[in-house]
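Engineer: Below are the structure tokens for one structure; questions will follow.
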Amino acid sequence: MNREFSEDFPRFKAKIHNFIVTQDFAGKVEQYDKLFNEMASIAPDDMKEYVQSSPSFLPLRNRSLQLMERITDLHNGLDALFKMDEQTLGKAYDYDLNKVDQKIAKDLKEAANLLHQFETVSEQGRQAMEKVDSPFFSQGI
């Protein structure tokens, strides 16, 4: 084991614990997992009206599902990383906490970017659904 890594590990764990608490990280992991499972469990028949009436709906729905799947993957990966003990983390990252910090920063940045995309695509999907549900839209068909 690396002595410097072992000396720095308690501070690293404290920093991670602070991040988890202040950012409600565990709550977000649970929220994203739940949202992804809800989205994935919607039967195609339940969306048939929207798919038939709005050609843009299905691609938007599929894109939002892909985005949320990647968001949950990133958060679950970080959650697993945060729960690693000293020996496991050291082996996985060559006893280099800078590598760990870089991995965390990269994954958090990607997740934030994907969340922004998800919100945009989801809003477009909601608008497509609202058009289908609009009495004015149905009169125009």
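We label chains A, B, ... in the order they appear in the structure tokens, count residues from 1 in each chain, and number ligands from 1 in the order shown.
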Could you give me, as an MDAnalysis selection string, the residues within 12 Å of Ala112 (chain A), counting only C-alpha atoms and dropping anything in the same chain fewer than 4 positions from it?
Structural biologist: chainID A and resid 67:68 70:72 74:75 105:108 116:119
Engineer: List every residue of chain A that DSSP, applied to the backbone, labels as alpha helix (DSSP H), and write the result as a ChimeraX atom specification.
Structural biologist: /A:3-22,25-40,48-53,57-82,86-92,97-133,135-140
Engineer: Interatomic distance between CA of Ser122 (chain A) and CA of Glu69 (chain A)?
Structural biologist: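 Calculated distance between CA of Ser122 (chain A) and CA of Glu69 (chain A) is 13.7 Å.
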Engineer: Which polymer residues have any atom within 12 Å of an atom of Met129 (chain A), counting only C-alpha atoms, with same-chain residues fewer than 4 positions away left out, as a list in words?
Structural biologist: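 Contacts, in chain order: Met47, Lys48, Glu49, Tyr50, Val51, Gln52, Ser53, Ser54, Pro55, Ser56, Phe57, Leu58, Leu60, Arg61, Ser122, Glu123, Gln124, Gly125, Asp133, Ser134, Phe137 and Ser138 of chain A.
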Engineer: Mind running region 60-137 of chain A against region 7-22 of chain A at 8 Å and telling me each contacting residue's nearest atom pair with the distance in Å (one decimal), counting only C-alpha atoms, chain and number ascending, as CSV?
Structural biologist:
residue,atom,partner,partner_atom,distance
A:Phe82,CA,A:Ile16,CA,6.8
A:Glu86,CA,A:Phe9,CA,6.8
A:Leu97,CA,A:Phe12,CA,7.8
Engineer: Which residues are close to Asp96 (chain A), i.e. within 10 Å by only C-alpha atoms, leaving aside same-chain residues fewer than 6 positions away? Reply as number ranges by chain.
Structural biologist: A: 2, 4-5, 8-9, 89-90
Engineer: What gap, in Å, lies between CA of Phe25 (chain A) and CA of Leu65 (chain A)?
Structural biologist: 20.8 Å
Engineer: In Å, with one decimal, what is the gap from CA of Ala26 (chain A) to CA of Lys83 (chain A)?
Structural biologist: 11.3 Å
Engineer: My list of candidates is A:Gln31, A:Gln23, A:Asn113, A:Asn98. Which is closest to Asn76 (chain A) when distances are computed with only C-alpha atoms?
Structural biologist: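 Among A:Gln31, A:Gln23, A:Asn113, A:Asn98, it is A:Gln31 that comes nearest to Asn76 (chain A).
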